[in-house]
Amino acid sequence: MLSFFKDYKWFALVFGVISIIIMTLIYNTLNVYQPLPVLQPVNFEPKLVDSTIQHVKKYHTVADFSLLNQNGDTISQKNYTNKIYVTDFFFTTCQSICPIMTDQMVRIQNQILNDDDVMLLSHSVTPEIDSVAQLKRYAKLKGVKDNKWNLVTGDRKQIYNLARKSYLVVEDDPENNYGMIHTENFALIDKEKRIRGIYNGISATAIDSLLNDIEHLKKEYNK
């Protein structure tokens, strides 16, 4: 019996080493980094996309903008240069889904407080009601951190076009001039101003996925 083990010990050793190498290769293969998809207008339901861009298959980016935040400061793409950000559309007097959405945004804010790569951006869909002063009151009530999260108001047409032609998160309301059906959708935007994910802003589970995707997206810039 001892002779049998002596004869095969080197075989067993080599077999063991090969097995470890194979298992390591399989593990590394299964764990290869897969970047988040870059979403284009053709990837969305047509009702969420302005008809002028529904055919676009590549190179879609968020348009430049100029809006006022809760402090009366002009906010544009320059404020989000080299930033990953999460964006949504809300209004301060909403009593339905907005409070839930805002709570989830606060949750995201708390996770990114010390992360210089990530910011938040919320657009009012009732800019005629949500003045700078109203946004400031709302920001204080909800614990908005000015350096991380801009609540913005401004020209209704510009906000409409951002929702329908840039972020692709809301349906049109044809009965109203530049009207929008309220949406719970959050969009994840990368440093190149591209859409990398859409999430249900009233679902804690969806926001869990969003937080994970933020970390996943950051790896893309750290490689």
# chains A, B, ... in the order shown; residues from 1 in each chain; ligands from 1
>>> select_by_dssp(residues="range 135-200 of chain A", states="helix (DSSP H, G or I)", output="ChimeraX atom specification")
/A:135-142,156-167
>>> residues_around(residues="Glu220 in chain A", least_positions_apart="2", cutoff="12 Å", atoms="only C-alpha atoms", output="ChimeraX atom specification")
/A:33-37,84,190-191,196,213-218,222-223
>>> write_last_selection(atoms="N, CA and C atoms", output="PDB file, in the first residue's frame")
ATOM      1  N   TYR A  33     -14.649  41.993 -15.701  1.00  0.00           N
ATOM      2  CA  TYR A  33     -15.450  43.203 -15.576  1.00  0.00           C
ATOM      3  C   TYR A  33     -16.280  43.427 -16.835  1.00  0.00           C
ATOM      4  N   GLN A  34     -17.566  43.600 -16.634  1.00  0.00           N
ATOM      5  CA  GLN A  34     -18.471  43.908 -17.730  1.00  0.00           C
ATOM      6  C   GLN A  34     -19.029  45.311 -17.508  1.00  0.00           C
ATOM      7  N   PRO A  35     -18.716  46.250 -18.385  1.00  0.00           N
ATOM      8  CA  PRO A  35     -19.194  47.626 -18.186  1.00  0.00           C
ATOM      9  C   PRO A  35     -20.705  47.727 -18.303  1.00  0.00           C
ATOM     10  N   LEU A  36     -21.275  48.734 -17.650  1.00  0.00           N
ATOM     11  CA  LEU A  36     -22.695  48.996 -17.816  1.00  0.00           C
ATOM     12  C   LEU A  36     -22.974  49.374 -19.264  1.00  0.00           C
ATOM     13  N   PRO A  37     -24.149  49.017 -19.785  1.00  0.00           N
ATOM     14  CA  PRO A  37     -24.462  49.400 -21.169  1.00  0.00           C
ATOM     15  C   PRO A  37     -24.610  50.904 -21.306  1.00  0.00           C
ATOM     16  N   ILE A  84     -20.066  61.652 -12.309  1.00  0.00           N
ATOM     17  CA  ILE A  84     -21.186  60.739 -12.468  1.00  0.00           C
ATOM     18  C   ILE A  84     -22.340  61.380 -11.712  1.00  0.00           C
ATOM     19  N   ASP A 190     -23.117  59.161 -16.942  1.00  0.00           N
ATOM     20  CA  ASP A 190     -21.669  59.023 -16.728  1.00  0.00           C
ATOM     21  C   ASP A 190     -20.925  60.315 -17.026  1.00  0.00           C
ATOM     22  N   LYS A 191     -19.620  60.272 -16.931  1.00  0.00           N
ATOM     23  CA  LYS A 191     -18.796  61.476 -17.083  1.00  0.00           C
ATOM     24  C   LYS A 191     -18.768  61.995 -18.518  1.00  0.00           C
ATOM     25  N   ARG A 196     -26.503  55.564 -18.498  1.00  0.00           N
ATOM     26  CA  ARG A 196     -25.984  54.230 -18.213  1.00  0.00           C
ATOM     27  C   ARG A 196     -26.977  53.353 -17.446  1.00  0.00           C
ATOM     28  N   ASP A 213     -24.690  50.035  -9.169  1.00  0.00           N
ATOM     29  CA  ASP A 213     -24.242  50.419 -10.511  1.00  0.00           C
ATOM     30  C   ASP A 213     -23.333  51.641 -10.469  1.00  0.00           C
ATOM     31  N   ILE A 214     -23.551  52.526  -9.517  1.00  0.00           N
ATOM     32  CA  ILE A 214     -22.628  53.662  -9.361  1.00  0.00           C
ATOM     33  C   ILE A 214     -21.221  53.148  -9.061  1.00  0.00           C
ATOM     34  N   GLU A 215     -21.125  52.208  -8.136  1.00  0.00           N
ATOM     35  CA  GLU A 215     -19.815  51.643  -7.802  1.00  0.00           C
ATOM     36  C   GLU A 215     -19.229  50.888  -8.993  1.00  0.00           C
ATOM     37  N   HIS A 216     -20.083  50.195  -9.706  1.00  0.00           N
ATOM     38  CA  HIS A 216     -19.636  49.463 -10.894  1.00  0.00           C
ATOM     39  C   HIS A 216     -19.126  50.430 -11.956  1.00  0.00           C
ATOM     40  N   LEU A 217     -19.847  51.528 -12.154  1.00  0.00           N
ATOM     41  CA  LEU A 217     -19.442  52.514 -13.151  1.00  0.00           C
ATOM     42  C   LEU A 217     -18.126  53.179 -12.771  1.00  0.00           C
ATOM     43  N   LYS A 218     -17.919  53.421 -11.500  1.00  0.00           N
ATOM     44  CA  LYS A 218     -16.669  54.026 -11.056  1.00  0.00           C
ATOM     45  C   LYS A 218     -15.463  53.165 -11.409  1.00  0.00           C
ATOM     46  N   ASN A 222     -11.588  53.773 -13.111  1.00  0.00           N
ATOM     47  CA  ASN A 222     -10.409  53.455 -12.290  1.00  0.00           C
ATOM     48  C   ASN A 222      -9.539  52.379 -12.895  1.00  0.00           C
ATOM     49  N   LYS A 223      -9.969  51.849 -14.048  1.00  0.00           N
ATOM     50  CA  LYS A 223      -9.209  50.764 -14.666  1.00  0.00           C
ATOM     51  C   LYS A 223      -7.929  51.309 -15.300  1.00  0.00           C
TER      52      LYS A 223
END
>>> select_by_dssp(residues="chain A", states="strand (DSSP E)", output="ChimeraX atom specification")
/A:66-68,74-76,84-90,118-124,149-152,172-173,179-180,185-189,195-200
>>> atom_distance(atom1="CA of Phe186 in chain A", atom2="CA of Gln111 in chain A")
16.1 Å
>>> closest_residue(among="A:Asn212, A:Asn82, A:Thr183, A:Asn147", to="Asn200 in chain A", atoms="only C-alpha atoms")
A:Thr183
>>> closest_residue(among="A:Ser209, A:Ser131, A:Gln95, A:Ser203", to="Gln70 in chain A", atoms="only C-alpha atoms")
A:Ser131
>>> atom_distance(atom1="CA of Leu48 in chain A", atom2="CA of Glu171 in chain A")
4.8 Å
>>> closest_residue(among="A:Gln104, A:Thr52, A:Asn161, A:Thr153", to="Gln134 in chain A", atoms="only C-alpha atoms")
A:Thr153
>>> residues_around(residues="range 39-43 of chain A", least_positions_apart="6", cutoff="7 Å", atoms="only C-alpha atoms", output="VMD selection string")
chain A and resid 49 53 to 58 60 195 to 196
>>> closest_residue(among="A:Ile75, A:Met119, A:Val125, A:Leu141", to="Thr102 in chain A", atoms="only C-alpha atoms")
A:Leu141
>>> decode(residues="range 63-100 of chain A", atoms="N, CA, C and O atoms", output="short mmCIF file (atom, residue, chain, number, x, y, z; two decimals), in the first residue's frame")
data_model
loop_
_atom_site.label_atom_id
_atom_site.label_comp_id
_atom_site.auth_asym_id
_atom_site.auth_seq_id
_atom_site.Cartn_x
_atom_site.Cartn_y
_atom_site.Cartn_z
N ALA A 63 -27.97 67.01 -23.41
CA ALA A 63 -27.72 68.36 -23.96
C ALA A 63 -27.28 69.32 -22.86
O ALA A 63 -27.55 69.12 -21.68
N ASP A 64 -26.60 70.38 -23.27
CA ASP A 64 -26.24 71.43 -22.33
C ASP A 64 -27.50 72.11 -21.81
O ASP A 64 -28.54 72.13 -22.47
N PHE A 65 -27.41 72.68 -20.64
CA PHE A 65 -28.56 73.34 -20.03
C PHE A 65 -28.10 74.49 -19.16
O PHE A 65 -26.92 74.59 -18.80
N SER A 66 -29.04 75.35 -18.81
CA SER A 66 -28.76 76.46 -17.90
C SER A 66 -30.01 76.71 -17.07
O SER A 66 -31.03 77.20 -17.58
N LEU A 67 -29.94 76.36 -15.78
CA LEU A 67 -31.08 76.44 -14.87
C LEU A 67 -30.63 77.03 -13.54
O LEU A 67 -29.43 77.11 -13.27
N LEU A 68 -31.57 77.43 -12.71
CA LEU A 68 -31.25 78.00 -11.40
C LEU A 68 -31.50 76.98 -10.30
O LEU A 68 -32.53 76.29 -10.29
N ASN A 69 -30.57 76.91 -9.34
CA ASN A 69 -30.74 75.96 -8.24
C ASN A 69 -31.36 76.63 -7.02
O ASN A 69 -31.77 77.80 -7.06
N GLN A 70 -31.42 75.90 -5.93
CA GLN A 70 -32.07 76.37 -4.70
C GLN A 70 -31.40 77.59 -4.08
O GLN A 70 -31.99 78.24 -3.21
N ASN A 71 -30.20 77.90 -4.51
CA ASN A 71 -29.50 79.08 -4.00
C ASN A 71 -29.49 80.24 -4.99
O ASN A 71 -28.84 81.26 -4.76
N GLY A 72 -30.19 80.04 -6.12
CA GLY A 72 -30.21 81.07 -7.14
C GLY A 72 -29.00 81.06 -8.04
O GLY A 72 -28.80 81.98 -8.84
N ASP A 73 -28.16 80.02 -7.92
CA ASP A 73 -26.96 79.91 -8.76
C ASP A 73 -27.32 79.27 -10.10
O ASP A 73 -28.17 78.37 -10.17
N THR A 74 -26.66 79.73 -11.16
CA THR A 74 -26.85 79.12 -12.48
C THR A 74 -26.12 77.78 -12.52
O THR A 74 -24.92 77.71 -12.24
N ILE A 75 -26.86 76.74 -12.89
CA ILE A 75 -26.30 75.38 -12.96
C ILE A 75 -26.33 74.91 -14.41
O ILE A 75 -27.34 75.04 -15.10
N SER A 76 -25.19 74.40 -14.87
CA SER A 76 -25.08 73.91 -16.24
C SER A 76 -24.25 72.63 -16.24
O SER A 76 -23.87 72.12 -15.18
N GLN A 77 -23.95 72.15 -17.43
CA GLN A 77 -23.12 70.96 -17.55
C GLN A 77 -21.74 71.18 -16.92
O GLN A 77 -21.09 70.23 -16.48
N LYS A 78 -21.30 72.43 -16.86
CA LYS A 78 -19.98 72.71 -16.27
C LYS A 78 -19.92 72.27 -14.82
O LYS A 78 -18.87 71.86 -14.33
N ASN A 79 -21.05 72.36 -14.11
CA ASN A 79 -21.09 71.94 -12.71
C ASN A 79 -20.99 70.43 -12.56
O ASN A 79 -20.74 69.92 -11.46
N TYR A 80 -21.19 69.71 -13.67
CA TYR A 80 -21.14 68.24 -13.64
C TYR A 80 -20.02 67.69 -14.50
O TYR A 80 -20.01 66.51 -14.83
N THR A 81 -19.08 68.55 -14.84
CA THR A 81 -17.93 68.11 -15.62
C THR A 81 -17.14 67.06 -14.85
O THR A 81 -16.83 67.23 -13.67
N ASN A 82 -16.84 65.96 -15.51
CA ASN A 82 -16.07 64.86 -14.92
C ASN A 82 -16.77 64.27 -13.69
O ASN A 82 -16.11 63.81 -12.76
N LYS A 83 -18.11 64.30 -13.71
CA LYS A 83 -18.89 63.73 -12.62
C LYS A 83 -19.85 62.66 -13.13
O LYS A 83 -20.38 62.76 -14.24
N ILE A 84 -20.07 61.65 -12.31
CA ILE A 84 -21.19 60.74 -12.47
C ILE A 84 -22.34 61.38 -11.71
O ILE A 84 -22.14 61.94 -10.64
N TYR A 85 -23.55 61.33 -12.27
CA TYR A 85 -24.65 61.90 -11.51
C TYR A 85 -25.96 61.14 -11.73
O TYR A 85 -26.15 60.46 -12.73
N VAL A 86 -26.85 61.30 -10.75
CA VAL A 86 -28.19 60.72 -10.80
C VAL A 86 -29.16 61.88 -10.94
O VAL A 86 -29.03 62.89 -10.24
N THR A 87 -30.13 61.74 -11.83
CA THR A 87 -31.08 62.82 -12.07
C THR A 87 -32.51 62.33 -12.05
O THR A 87 -32.79 61.17 -12.33
N ASP A 88 -33.42 63.25 -11.69
CA ASP A 88 -34.84 62.92 -11.71
C ASP A 88 -35.65 64.19 -11.96
O ASP A 88 -35.10 65.29 -12.08
N PHE A 89 -36.99 64.02 -12.04
CA PHE A 89 -37.93 65.12 -12.27
C PHE A 89 -39.02 65.04 -11.21
O PHE A 89 -39.62 63.99 -11.01
N PHE A 90 -39.29 66.17 -10.56
CA PHE A 90 -40.20 66.18 -9.42
C PHE A 90 -40.89 67.54 -9.33
O PHE A 90 -40.66 68.43 -10.16
N PHE A 91 -41.74 67.74 -8.32
CA PHE A 91 -42.18 69.09 -7.96
C PHE A 91 -42.48 69.13 -6.47
O PHE A 91 -42.87 68.13 -5.87
N THR A 92 -42.25 70.27 -5.87
CA THR A 92 -42.25 70.37 -4.41
C THR A 92 -43.61 70.19 -3.78
O THR A 92 -43.71 69.82 -2.60
N THR A 93 -44.69 70.47 -4.53
CA THR A 93 -46.03 70.35 -3.96
C THR A 93 -46.66 68.99 -4.21
O THR A 93 -47.80 68.75 -3.80
N CYS A 94 -45.95 68.11 -4.86
CA CYS A 94 -46.45 66.76 -5.14
C CYS A 94 -46.66 65.99 -3.83
O CYS A 94 -45.79 65.98 -2.96
N GLN A 95 -47.82 65.34 -3.73
CA GLN A 95 -48.14 64.57 -2.53
C GLN A 95 -48.23 63.07 -2.81
O GLN A 95 -48.64 62.30 -1.94
N SER A 96 -47.87 62.66 -4.02
CA SER A 96 -47.98 61.24 -4.37
C SER A 96 -46.62 60.56 -4.34
O SER A 96 -46.15 60.14 -3.29
N ILE A 97 -45.95 60.50 -5.48
CA ILE A 97 -44.70 59.74 -5.54
C ILE A 97 -43.47 60.58 -5.18
O ILE A 97 -42.43 60.03 -4.81
N CYS A 98 -43.57 61.91 -5.26
CA CYS A 98 -42.38 62.75 -5.03
C CYS A 98 -41.76 62.58 -3.65
O CYS A 98 -40.53 62.51 -3.54
N PRO A 99 -42.55 62.53 -2.58
CA PRO A 99 -41.92 62.35 -1.27
C PRO A 99 -41.11 61.06 -1.18
O PRO A 99 -40.03 61.04 -0.56
N ILE A 100 -41.60 60.01 -1.81
CA ILE A 100 -40.86 58.73 -1.82
C ILE A 100 -39.58 58.89 -2.63
O ILE A 100 -38.50 58.45 -2.22
#
